[in-house]
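> Below is the file work17.cif, with mmCIF, C-alpha atoms and all ligand atoms.
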```
data_run
loop_
_atom_site.group_PDB
_atom_site.id
_atom_site.type_symbol
_atom_site.label_atom_id
_atom_site.label_comp_id
_atom_site.auth_asym_id
_atom_site.auth_seq_id
_atom_site.Cartn_x
_atom_site.Cartn_y
_atom_site.Cartn_z
ATOM 1 C CA MET A 1 0.000 0.000 0.000
ATOM 2 C CA LYS A 2 1.093 3.584 -0.536
ATOM 3 C CA LEU A 3 0.012 6.503 1.623
ATOM 4 C CA TYR A 4 0.360 10.122 0.524
ATOM 5 C CA ILE A 5 0.500 12.605 3.410
ATOM 6 C CA THR A 6 1.989 15.910 4.475
ATOM 7 C CA ASP A 7 3.534 17.200 7.702
ATOM 8 C CA LEU A 8 1.436 19.228 10.161
ATOM 9 C CA SER A 9 -1.830 17.973 8.709
ATOM 10 C CA PRO A 10 -4.369 16.652 11.224
ATOM 11 C CA ASN A 11 -6.050 14.699 8.412
ATOM 12 C CA SER A 12 -2.752 13.031 7.557
ATOM 13 C CA ARG A 13 -1.903 12.413 11.201
ATOM 14 C CA ARG A 14 -5.082 10.498 11.981
ATOM 15 C CA VAL A 15 -4.348 8.113 9.107
ATOM 16 C CA LEU A 16 -0.644 7.786 9.911
ATOM 17 C CA ALA A 17 -1.516 7.113 13.566
ATOM 18 C CA THR A 18 -3.956 4.432 12.382
ATOM 19 C CA VAL A 19 -1.147 2.797 10.375
ATOM 20 C CA HIS A 20 1.003 2.707 13.530
ATOM 21 C CA HIS A 21 -1.826 1.647 15.837
ATOM 22 C CA LEU A 22 -2.646 -1.301 13.564
ATOM 23 C CA GLY A 23 1.036 -2.272 13.179
ATOM 24 C CA LEU A 24 1.003 -1.657 9.424
ATOM 25 C CA GLN A 25 4.232 0.359 9.200
ATOM 26 C CA ASN A 26 5.964 -2.289 7.094
ATOM 27 C CA ASP A 27 2.989 -2.680 4.741
ATOM 28 C CA VAL A 28 2.625 0.982 3.877
ATOM 29 C CA GLU A 29 5.039 3.066 1.830
ATOM 30 C CA ILE A 30 4.777 6.705 2.875
ATOM 31 C CA GLN A 31 5.131 9.565 0.404
ATOM 32 C CA LYS A 32 5.261 13.023 1.984
ATOM 33 C CA PHE A 33 4.530 16.118 -0.072
ATOM 34 C CA ASP A 34 5.614 19.643 0.728
ATOM 35 C CA LEU A 35 2.317 21.333 -0.129
ATOM 36 C CA PHE A 36 3.766 24.833 -0.015
ATOM 37 C CA ALA A 37 6.328 23.818 -2.620
ATOM 38 C CA GLY A 38 3.448 22.447 -4.734
ATOM 39 C CA GLU A 39 4.872 18.920 -4.792
ATOM 40 C CA HIS A 40 1.356 17.480 -4.995
ATOM 41 C CA GLN A 41 0.390 19.554 -8.052
ATOM 42 C CA THR A 42 1.263 16.956 -10.652
ATOM 43 C CA ASP A 43 -0.793 15.167 -13.311
ATOM 44 C CA GLU A 44 0.231 11.873 -11.744
ATOM 45 C CA PHE A 45 -1.195 12.790 -8.328
ATOM 46 C CA ARG A 46 -4.289 14.428 -9.864
ATOM 47 C CA ALA A 47 -5.055 11.073 -11.486
ATOM 48 C CA ILE A 48 -4.981 9.489 -8.012
ATOM 49 C CA ASN A 49 -7.022 12.203 -6.314
ATOM 50 C CA PRO A 50 -8.793 14.756 -8.543
ATOM 51 C CA ASN A 51 -9.122 17.008 -5.459
ATOM 52 C CA VAL A 52 -5.306 17.141 -5.357
ATOM 53 C CA LYS A 53 -5.337 16.777 -1.573
ATOM 54 C CA VAL A 54 -3.783 14.432 0.963
ATOM 55 C CA PRO A 55 -4.147 11.962 2.597
ATOM 56 C CA VAL A 56 -4.709 9.317 -0.076
ATOM 57 C CA LEU A 57 -4.237 5.566 0.255
ATOM 58 C CA VAL A 58 -3.525 3.418 -2.788
ATOM 59 C CA ASP A 59 -4.012 -0.320 -2.371
ATOM 60 C CA GLY A 60 -3.896 -2.186 -5.683
ATOM 61 C CA ASP A 61 -6.677 -0.750 -7.842
ATOM 62 C CA LEU A 62 -8.192 1.191 -4.953
ATOM 63 C CA LYS A 63 -7.390 4.894 -4.788
ATOM 64 C CA LEU A 64 -9.015 6.017 -1.563
ATOM 65 C CA TRP A 65 -9.091 9.710 -0.646
ATOM 66 C CA GLU A 66 -10.664 11.288 2.479
ATOM 67 C CA SER A 67 -9.028 10.480 5.804
ATOM 68 C CA ASN A 68 -12.044 9.049 7.624
ATOM 69 C CA PRO A 69 -12.874 6.252 5.165
ATOM 70 C CA ILE A 70 -9.147 5.479 4.877
ATOM 71 C CA MET A 71 -9.055 4.787 8.636
ATOM 72 C CA ILE A 72 -12.054 2.469 8.386
ATOM 73 C CA TYR A 73 -10.616 0.719 5.335
ATOM 74 C CA LEU A 74 -7.317 -0.005 7.108
ATOM 75 C CA ALA A 75 -9.115 -1.286 10.207
ATOM 76 C CA ASP A 76 -11.397 -3.558 8.160
ATOM 77 C CA ARG A 77 -8.455 -4.832 6.116
ATOM 78 C CA GLN A 78 -6.745 -5.834 9.363
ATOM 79 C CA GLY A 79 -9.907 -7.143 10.999
ATOM 80 C CA ALA A 80 -9.284 -4.603 13.764
ATOM 81 C CA GLU A 81 -12.688 -5.026 15.362
ATOM 82 C CA GLU A 82 -11.762 -3.130 18.516
ATOM 83 C CA PHE A 83 -10.451 -0.061 16.663
ATOM 84 C CA CYS A 84 -13.412 0.065 14.281
ATOM 85 C CA PRO A 85 -16.259 -2.233 15.307
ATOM 86 C CA SER A 86 -18.299 -3.782 12.496
ATOM 87 C CA ASP A 87 -21.384 -4.509 14.567
ATOM 88 C CA ARG A 88 -24.502 -2.456 13.903
ATOM 89 C CA ILE A 89 -24.125 -0.051 16.831
ATOM 90 C CA GLY A 90 -20.336 0.349 16.861
ATOM 91 C CA ARG A 91 -19.978 1.007 13.128
ATOM 92 C CA TYR A 92 -22.594 3.751 13.109
ATOM 93 C CA GLU A 93 -21.176 5.282 16.270
ATOM 94 C CA VAL A 94 -17.796 5.639 14.534
ATOM 95 C CA LEU A 95 -19.423 7.086 11.405
ATOM 96 C CA ARG A 96 -21.534 9.451 13.490
ATOM 97 C CA TRP A 97 -18.532 10.935 15.346
ATOM 98 C CA GLN A 98 -16.473 11.136 12.167
ATOM 99 C CA SER A 99 -19.223 13.110 10.430
ATOM 100 C CA TRP A 100 -19.633 15.286 13.510
ATOM 101 C CA GLU A 101 -15.973 16.202 13.728
ATOM 102 C CA VAL A 102 -15.830 17.269 10.070
ATOM 103 C CA GLN A 103 -18.928 19.417 10.231
ATOM 104 C CA HIS A 104 -18.785 20.705 13.812
ATOM 105 C CA PHE A 105 -16.013 20.040 16.334
ATOM 106 C CA ASN A 106 -12.929 20.385 14.149
ATOM 107 C CA ARG A 107 -14.402 23.191 12.096
ATOM 108 C CA GLY A 108 -14.214 25.712 14.950
ATOM 109 C CA LEU A 109 -11.097 24.139 16.426
ATOM 110 C CA GLY A 110 -9.428 24.057 13.009
ATOM 111 C CA GLU A 111 -10.170 27.724 12.460
ATOM 112 C CA ILE A 112 -8.653 28.710 15.825
ATOM 113 C CA VAL A 113 -5.444 26.698 15.446
ATOM 114 C CA TRP A 114 -5.020 27.714 11.810
ATOM 115 C CA GLU A 115 -5.022 31.364 12.864
ATOM 116 C CA THR A 116 -3.038 31.037 16.100
ATOM 117 C CA VAL A 117 -0.518 28.262 15.372
ATOM 118 C CA ALA A 118 -0.405 27.070 11.762
ATOM 119 C CA LYS A 119 -0.197 30.434 9.990
ATOM 120 C CA GLN A 120 2.785 31.398 12.120
ATOM 121 C CA ALA A 121 4.420 28.001 11.717
ATOM 122 C CA PHE A 122 4.135 28.336 7.945
ATOM 123 C CA GLY A 123 5.044 32.036 7.997
ATOM 124 C CA ILE A 124 1.932 33.051 6.073
ATOM 125 C CA GLY A 125 0.566 36.018 7.954
ATOM 126 C CA ALA A 126 -0.773 37.352 11.217
ATOM 127 C CA PRO A 127 -3.739 35.807 13.093
ATOM 128 C CA ASP A 128 -7.165 37.208 12.196
ATOM 129 C CA GLN A 129 -8.871 37.974 15.520
ATOM 130 C CA GLU A 130 -12.382 37.943 14.038
ATOM 131 C CA LYS A 131 -11.858 34.439 12.708
ATOM 132 C CA ILE A 132 -10.452 33.339 16.080
ATOM 133 C CA GLU A 133 -13.563 34.694 17.856
ATOM 134 C CA ALA A 134 -15.887 32.884 15.441
ATOM 135 C CA GLY A 135 -13.860 29.688 15.885
ATOM 136 C CA LEU A 136 -14.007 30.012 19.673
ATOM 137 C CA GLU A 137 -17.795 30.350 19.661
ATOM 138 C CA ASN A 138 -18.140 27.278 17.486
ATOM 139 C CA PHE A 139 -15.577 25.309 19.510
ATOM 140 C CA ARG A 140 -17.265 26.058 22.844
ATOM 141 C CA ARG A 141 -20.649 24.934 21.525
ATOM 142 C CA PHE A 142 -19.444 21.531 20.321
ATOM 143 C CA ALA A 143 -16.747 20.930 22.954
ATOM 144 C CA ALA A 144 -19.576 21.054 25.507
ATOM 145 C CA VAL A 145 -21.269 18.146 23.689
ATOM 146 C CA LEU A 146 -18.067 16.084 23.690
ATOM 147 C CA ASN A 147 -17.344 17.012 27.295
ATOM 148 C CA ASP A 148 -20.748 15.680 28.426
ATOM 149 C CA HIS A 149 -20.379 12.572 26.286
ATOM 150 C CA LEU A 150 -16.961 11.732 27.774
ATOM 151 C CA SER A 151 -18.222 11.890 31.343
ATOM 152 C CA GLY A 152 -17.340 8.582 33.025
ATOM 153 C CA GLN A 153 -15.586 7.048 30.002
ATOM 154 C CA ASN A 154 -12.023 7.103 28.699
ATOM 155 C CA PHE A 155 -12.685 7.224 24.967
ATOM 156 C CA ILE A 156 -15.530 8.170 22.648
ATOM 157 C CA LEU A 157 -16.998 4.690 22.253
ATOM 158 C CA GLY A 158 -16.203 3.607 25.818
ATOM 159 C CA ASP A 159 -13.049 2.146 27.313
ATOM 160 C CA LYS A 160 -11.095 1.422 24.139
ATOM 161 C CA VAL A 161 -9.614 3.844 21.639
ATOM 162 C CA THR A 162 -11.262 3.722 18.202
ATOM 163 C CA ALA A 163 -11.147 5.438 14.813
ATOM 164 C CA ALA A 164 -13.632 7.944 16.269
ATOM 165 C CA ASP A 165 -11.016 9.183 18.773
ATOM 166 C CA PHE A 166 -8.303 9.525 16.128
ATOM 167 C CA ALA A 167 -10.692 11.479 13.896
ATOM 168 C CA VAL A 168 -12.173 13.786 16.539
ATOM 169 C CA GLY A 169 -8.798 14.215 18.293
ATOM 170 C CA SER A 170 -6.701 14.805 15.198
ATOM 171 C CA HIS A 171 -6.052 18.479 16.037
ATOM 172 C CA SER A 172 -4.834 17.679 19.574
ATOM 173 C CA ALA A 173 -1.204 18.721 19.076
ATOM 174 C CA LEU A 174 -2.238 22.081 17.695
ATOM 175 C CA ALA A 175 -4.839 22.578 20.436
ATOM 176 C CA LEU A 176 -2.184 21.866 23.099
ATOM 177 C CA HIS A 177 0.279 24.305 21.582
ATOM 178 C CA PRO A 178 0.959 27.180 24.055
ATOM 179 C CA GLN A 179 -0.114 29.757 21.453
ATOM 180 C CA SER A 180 -3.314 28.008 20.411
ATOM 181 C CA GLN A 181 -5.791 30.012 22.560
ATOM 182 C CA VAL A 182 -8.013 26.892 22.630
ATOM 183 C CA PRO A 183 -9.885 27.014 25.978
ATOM 184 C CA LEU A 184 -9.360 23.336 26.795
ATOM 185 C CA ALA A 185 -9.319 24.017 30.552
ATOM 186 C CA GLU A 186 -13.035 24.895 30.309
ATOM 187 C CA PHE A 187 -13.745 21.323 29.220
ATOM 188 C CA LYS A 188 -12.075 19.017 31.729
ATOM 189 C CA ASN A 189 -13.267 15.719 30.217
ATOM 190 C CA VAL A 190 -12.081 16.795 26.764
ATOM 191 C CA GLN A 191 -8.726 17.884 28.183
ATOM 192 C CA ASP A 192 -8.254 14.558 30.011
ATOM 193 C CA TRP A 193 -9.267 12.625 26.896
ATOM 194 C CA ILE A 194 -6.705 14.552 24.780
ATOM 195 C CA ASN A 195 -4.012 13.733 27.347
ATOM 196 C CA ARG A 196 -5.051 10.059 27.195
ATOM 197 C CA LEU A 197 -4.775 10.177 23.411
ATOM 198 C CA GLU A 198 -1.356 11.835 23.602
ATOM 199 C CA ALA A 199 -0.125 8.977 25.791
ATOM 200 C CA LEU A 200 -0.949 6.293 23.202
ATOM 201 C CA PRO A 201 2.209 5.018 21.449
ATOM 202 C CA ALA A 202 0.771 5.382 17.921
ATOM 203 C CA TRP A 203 -0.362 8.925 18.651
ATOM 204 C CA ALA A 204 2.904 9.937 20.318
ATOM 205 C CA LYS A 205 4.962 8.535 17.428
ATOM 206 C CA THR A 206 3.056 10.609 14.893
ATOM 207 C CA ALA A 207 3.160 13.904 16.791
ATOM 208 C CA PRO A 208 3.946 16.868 14.549
ATOM 209 C CA GLN A 209 7.211 18.590 15.450
ATOM 210 C CA ALA A 210 7.256 21.715 13.388
ATOM 211 C CA PRO A 211 4.636 24.016 15.019
ATOM 212 C CA ALA A 212 6.458 24.246 18.347
ATOM 213 C CA GLN A 213 9.825 24.692 16.668
ATOM 214 C CA ALA A 214 8.571 27.209 14.156
ATOM 215 C CA ALA A 215 6.767 29.246 16.783
ATOM 216 C CA GLU A 216 9.775 29.482 19.104
HETATM 217 N N1 LIG B 301 -11.569 16.101 4.015
HETATM 218 C C1 LIG B 301 -10.217 15.781 3.602
HETATM 219 C C2 LIG B 301 -9.352 17.005 3.784
HETATM 220 C C3 LIG B 301 -8.077 16.913 2.968
HETATM 221 C C4 LIG B 301 -7.291 18.196 3.008
HETATM 222 O O1 LIG B 301 -7.848 19.300 3.129
HETATM 223 N N2 LIG B 301 -5.973 18.079 2.877
HETATM 224 C C5 LIG B 301 -5.100 19.237 2.878
HETATM 225 C C6 LIG B 301 -3.986 19.013 3.893
HETATM 226 S S1 LIG B 301 -4.660 18.916 5.549
HETATM 227 C C7 LIG B 301 -4.452 19.353 1.506
HETATM 228 O O2 LIG B 301 -4.049 18.367 0.920
HETATM 229 N N3 LIG B 301 -4.341 20.581 0.964
HETATM 230 C C8 LIG B 301 -3.633 20.808 -0.255
HETATM 231 C C9 LIG B 301 -4.384 21.670 -1.231
HETATM 232 O O3 LIG B 301 -5.573 21.948 -0.999
HETATM 233 O O4 LIG B 301 -3.747 22.066 -2.209
HETATM 234 C C10 LIG B 301 -9.700 14.594 4.431
HETATM 235 O O5 LIG B 301 -10.182 14.386 5.560
HETATM 236 O O6 LIG B 301 -8.846 13.836 3.948
#
```
Any chance you could give the structure as structure tokens?

Amino acid sequence: MKLYITDLSPNSRRVLATVHHLGLQNDVEIQKFDLFAGEHQTDEFRAINPNVKVPVLVDGDLKLWESNPIMIYLADRQGAEEFCPSDRIGRYEVLRWQSWEVQHFNRGLGEIVWETVAKQAFGIGAPDQEKIEAGLENFRRFAAVLNDHLSGQNFILGDKVTAADFAVGSHSALALHPQSQVPLAEFKNVQDWINRLEALPAWAKTAPQAPAQAAE
């Protein structure tokens, strides 16, 4: 299999962490693009993903783009029932939280960390305070939902980490960055859950390095 990713991308990290969590490191060739250098803007890559975005997984004839289905595909390929249950309830729980993070939780969070951490790390301009405020309002609304849901349980589906945690938690490193302005302390269960995620070997191994260095 071949996996196309880029550094500092939460969407890439959740897939790369899945590869590590499932012990697939030796089965997956990794190709990293420097997006700012336009390394992905080739006819060859456009034929693999017409959106010209990463991550993409190629497995034989399958060219799978979009990080969330890639995680499920890898889990199913490995028969990783615990990481992505195939039973009626578990499968739809994972899909539900993955849809929710795209549309809600990581939308506000993504906006905040893009303005406060990523733009500076990439050297592409000053933070836009209006966008940060809008992101904060959105984040607080949906973090409250996750905070209530996590009450009394370690991970989103219960006691075991699943593809739902890697998807919802994919921005954790950026949220924990000292400059992020993400009000994690207001949501104790979310904060504890992020720390639990950070302690997992597959998550720790795939931690992005550059934001902290670039922001120093
Ligand atoms: N919904 C997609 C998002 C993919 C995406 O936006 N990828 C960004 C990196 S995080 C990208 O490749 N951007 C390059 C570009 O748009 O030129 C997923 O979850 O895989």
> Using the chain letters and residue numbers of this document, give as an MDAnalysis selection string the residues selected by the PyMOL selection byres (((not hetatm)) within 8 of (chain B and resi 301)).
chainID A and resid 5:6 8:12 35 38 40:41 51:56 65:68 102
> With C-alpha atoms retained, export the selected residues as a tab-separated table (two decimals), in the coordinates of the input.

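Printed below is again_1.tsv as written:
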```tsv
chain	number	residue	atom	x	y	z
A	5	ILE	CA	0.50	12.60	3.41
A	6	THR	CA	1.99	15.91	4.47
A	8	LEU	CA	1.44	19.23	10.16
A	9	SER	CA	-1.83	17.97	8.71
A	10	PRO	CA	-4.37	16.65	11.22
A	11	ASN	CA	-6.05	14.70	8.41
A	12	SER	CA	-2.75	13.03	7.56
A	35	LEU	CA	2.32	21.33	-0.13
A	38	GLY	CA	3.45	22.45	-4.73
A	40	HIS	CA	1.36	17.48	-5.00
A	41	GLN	CA	0.39	19.55	-8.05
A	51	ASN	CA	-9.12	17.01	-5.46
A	52	VAL	CA	-5.31	17.14	-5.36
A	53	LYS	CA	-5.34	16.78	-1.57
A	54	VAL	CA	-3.78	14.43	0.96
A	55	PRO	CA	-4.15	11.96	2.60
A	56	VAL	CA	-4.71	9.32	-0.08
A	65	TRP	CA	-9.09	9.71	-0.65
A	66	GLU	CA	-10.66	11.29	2.48
A	67	SER	CA	-9.03	10.48	5.80
A	68	ASN	CA	-12.04	9.05	7.62
A	102	VAL	CA	-15.83	17.27	10.07
```
> Evaluating the PyMOL selection byres (((chain A and resi 197-201) around 9) and not hetatm) on the displayed file yields which residues, as a PyMOL selection string?
chain A and resi 17+20-21+155+161+165-166+169+172-173+192-196+202-207
> List as a list of chain:residue names the protein and nucleic acid residues near Val28 of chain A, meaning an atom at most 7 Å away when all atoms listed in the file are counted, but skip any in the same chain fewer than 4 places from it.
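What passes the distance filter is A:Met1, A:Lys2, A:Leu3, A:Leu24.
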> Do a neighbour search on Glu111 of chain A at 7 Å with all atoms listed in the file, toss out local chain neighbours closer than 2 positions, and write the hits as a PDB file with C-alpha atoms, in the frame of the given file.

```
ATOM      1  CA  ARG A 107     -14.402  23.191  12.096  1.00  0.00           C
ATOM      2  CA  GLY A 108     -14.214  25.712  14.950  1.00  0.00           C
ATOM      3  CA  LEU A 109     -11.097  24.139  16.426  1.00  0.00           C
ATOM      4  CA  VAL A 113      -5.444  26.698  15.446  1.00  0.00           C
ATOM      5  CA  TRP A 114      -5.020  27.714  11.810  1.00  0.00           C
ATOM      6  CA  GLU A 115      -5.022  31.364  12.864  1.00  0.00           C
ATOM      7  CA  LYS A 131     -11.858  34.439  12.708  1.00  0.00           C
ATOM      8  CA  ILE A 132     -10.452  33.339  16.080  1.00  0.00           C
ATOM      9  CA  GLY A 135     -13.860  29.688  15.885  1.00  0.00           C
TER      10      GLY A 135
END
```
> Just the number, please: distance in Å from atom CA of Phe142 of chain A to atom CA of Phe83 of chain A, one decimal.
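These two atoms are separated by 23.7 Å.
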> Distance atom CA of Tyr4 of chain A-atom CA of Gln31 of chain A, one decimal place?
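We find that atom CA of Tyr4 of chain A and atom CA of Gln31 of chain A lie 4.8 Å from each other.
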> Of the candidates A:Trp100, A:Ile156, A:His149, A:Ile112, which shows the shortest atom-to-atom distance to Pro183 of chain A, using all atoms listed in the file?
A:Ile112
> Give me, please, the distance in Å between atom CA of Pro69 of chain A and atom CA of Ser99 of chain A, quoted to one decimal.
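We find that atom CA of Pro69 of chain A and atom CA of Ser99 of chain A lie 10.7 Å from each other.
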> Find the residues around Asp76 of chain A up to 9 Å (all atoms listed in the file counted), leave out those fewer than 5 positions away in its own chain, and share them as a list in words.
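Once the nearby chain positions are removed, what remains is Met71, Glu81, Cys84, Pro85 and Ser86 of chain A.
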> Just want the 10 Å neighbourhood of segment 184-186 of chain A, counted on all atoms listed in the file, with same-chain residues fewer than 3 positions away dropped. Output as JSON, numbers by chain.
{"A": [139, 140, 143, 144, 147, 175, 176, 180, 181, 189, 190, 191, 192, 194]}
> Could you check which of A:Gln103, A:Asn49, A:Ala118, A:Leu64 is closest to Asp7 of chain A, using all atoms listed in the file?
A:Ala118
> Find the residue from A:Phe187, A:His177, A:Ala163, A:Leu57 that sits nearest to Ile70 of chain A; use all atoms listed in the file when measuring.
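Closest candidate: A:Leu57.
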> Just checking: using all atoms listed in the file, which residue out of A:Ala164, A:His171, A:Pro208, A:Ala134 ends up closest to Glu93 of chain A?
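Going through A:Ala164, A:His171, A:Pro208, A:Ala134 one by one, the smallest distance to Glu93 of chain A is for A:Ala164.
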> Let me make sure I understand: among A:Ala37, A:Val19, A:Asp27, A:Ala126, which one has the smallest atom-to-atom distance to Ala80 of chain A if we use all atoms listed in the file?
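Counting all atoms listed in the file, the residue closest to Ala80 of chain A is A:Val19.
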> For each of A:Gln78, A:Ser170, A:Ser151, A:Thr42, take the minimum atom-to-atom distance to Lys188 of chain A, counting only C-alpha atoms, then give the residue where this is smallest.
A:Ser151
> Restore N, CA and C atoms in segment 116-143 of chain A and list the result as a tab-separated table (two decimals), keeping the file's coordinate frame.

```tsv
chain	number	residue	atom	x	y	z
A	116	THR	N	-3.96	30.77	14.98
A	116	THR	CA	-3.04	31.04	16.10
A	116	THR	C	-1.71	30.28	16.01
A	117	VAL	N	-1.74	29.09	15.39
A	117	VAL	CA	-0.52	28.26	15.37
A	117	VAL	C	-0.01	28.05	13.94
A	118	ALA	N	-0.89	27.52	13.07
A	118	ALA	CA	-0.40	27.07	11.76
A	118	ALA	C	0.11	28.22	10.90
A	119	LYS	N	-0.63	29.33	10.85
A	119	LYS	CA	-0.20	30.43	9.99
A	119	LYS	C	1.20	30.91	10.37
A	120	GLN	N	1.45	30.95	11.68
A	120	GLN	CA	2.78	31.40	12.12
A	120	GLN	C	3.84	30.35	11.81
A	121	ALA	N	3.46	29.08	12.00
A	121	ALA	CA	4.42	28.00	11.72
A	121	ALA	C	4.81	28.02	10.24
A	122	PHE	N	3.85	28.32	9.38
A	122	PHE	CA	4.14	28.34	7.94
A	122	PHE	C	4.61	29.71	7.46
A	123	GLY	N	4.59	30.69	8.37
A	123	GLY	CA	5.04	32.04	8.00
A	123	GLY	C	4.16	32.67	6.95
A	124	ILE	N	2.82	32.52	7.12
A	124	ILE	CA	1.93	33.05	6.07
A	124	ILE	C	0.94	34.07	6.64
A	125	GLY	N	1.41	34.90	7.55
A	125	GLY	CA	0.57	36.02	7.95
A	125	GLY	C	0.17	36.01	9.41
A	126	ALA	N	-0.39	37.16	9.82
A	126	ALA	CA	-0.77	37.35	11.22
A	126	ALA	C	-2.15	36.74	11.48
A	127	PRO	N	-2.42	36.36	12.75
A	127	PRO	CA	-3.74	35.81	13.09
A	127	PRO	C	-4.85	36.83	12.87
A	128	ASP	N	-5.99	36.36	12.41
A	128	ASP	CA	-7.16	37.21	12.20
A	128	ASP	C	-8.08	37.02	13.41
A	129	GLN	N	-8.16	38.10	14.24
A	129	GLN	CA	-8.87	37.97	15.52
A	129	GLN	C	-10.36	37.67	15.34
A	130	GLU	N	-10.95	38.22	14.28
A	130	GLU	CA	-12.38	37.94	14.04
A	130	GLU	C	-12.63	36.46	13.77
A	131	LYS	N	-11.72	35.87	13.02
A	131	LYS	CA	-11.86	34.44	12.71
A	131	LYS	C	-11.64	33.61	13.97
A	132	ILE	N	-10.70	34.06	14.81
A	132	ILE	CA	-10.45	33.34	16.08
A	132	ILE	C	-11.71	33.38	16.94
A	133	GLU	N	-12.34	34.56	17.04
A	133	GLU	CA	-13.56	34.69	17.86
A	133	GLU	C	-14.67	33.78	17.34
A	134	ALA	N	-14.85	33.75	16.03
A	134	ALA	CA	-15.89	32.88	15.44
A	134	ALA	C	-15.57	31.42	15.73
A	135	GLY	N	-14.28	31.07	15.61
A	135	GLY	CA	-13.86	29.69	15.88
A	135	GLY	C	-14.09	29.32	17.34
A	136	LEU	N	-13.84	30.28	18.23
A	136	LEU	CA	-14.01	30.01	19.67
A	136	LEU	C	-15.48	29.75	20.01
A	137	GLU	N	-16.36	30.53	19.39
A	137	GLU	CA	-17.80	30.35	19.66
A	137	GLU	C	-18.25	28.96	19.21
A	138	ASN	N	-17.81	28.59	18.04
A	138	ASN	CA	-18.14	27.28	17.49
A	138	ASN	C	-17.53	26.16	18.35
A	139	PHE	N	-16.25	26.34	18.70
A	139	PHE	CA	-15.58	25.31	19.51
A	139	PHE	C	-16.30	25.10	20.83
A	140	ARG	N	-16.63	26.20	21.52
A	140	ARG	CA	-17.26	26.06	22.84
A	140	ARG	C	-18.60	25.31	22.74
A	141	ARG	N	-19.35	25.60	21.69
A	141	ARG	CA	-20.65	24.93	21.52
A	141	ARG	C	-20.48	23.40	21.42
A	142	PHE	N	-19.54	22.97	20.57
A	142	PHE	CA	-19.44	21.53	20.32
A	142	PHE	C	-18.53	20.82	21.33
A	143	ALA	N	-17.57	21.54	21.89
A	143	ALA	CA	-16.75	20.93	22.95
A	143	ALA	C	-17.62	20.56	24.15
```
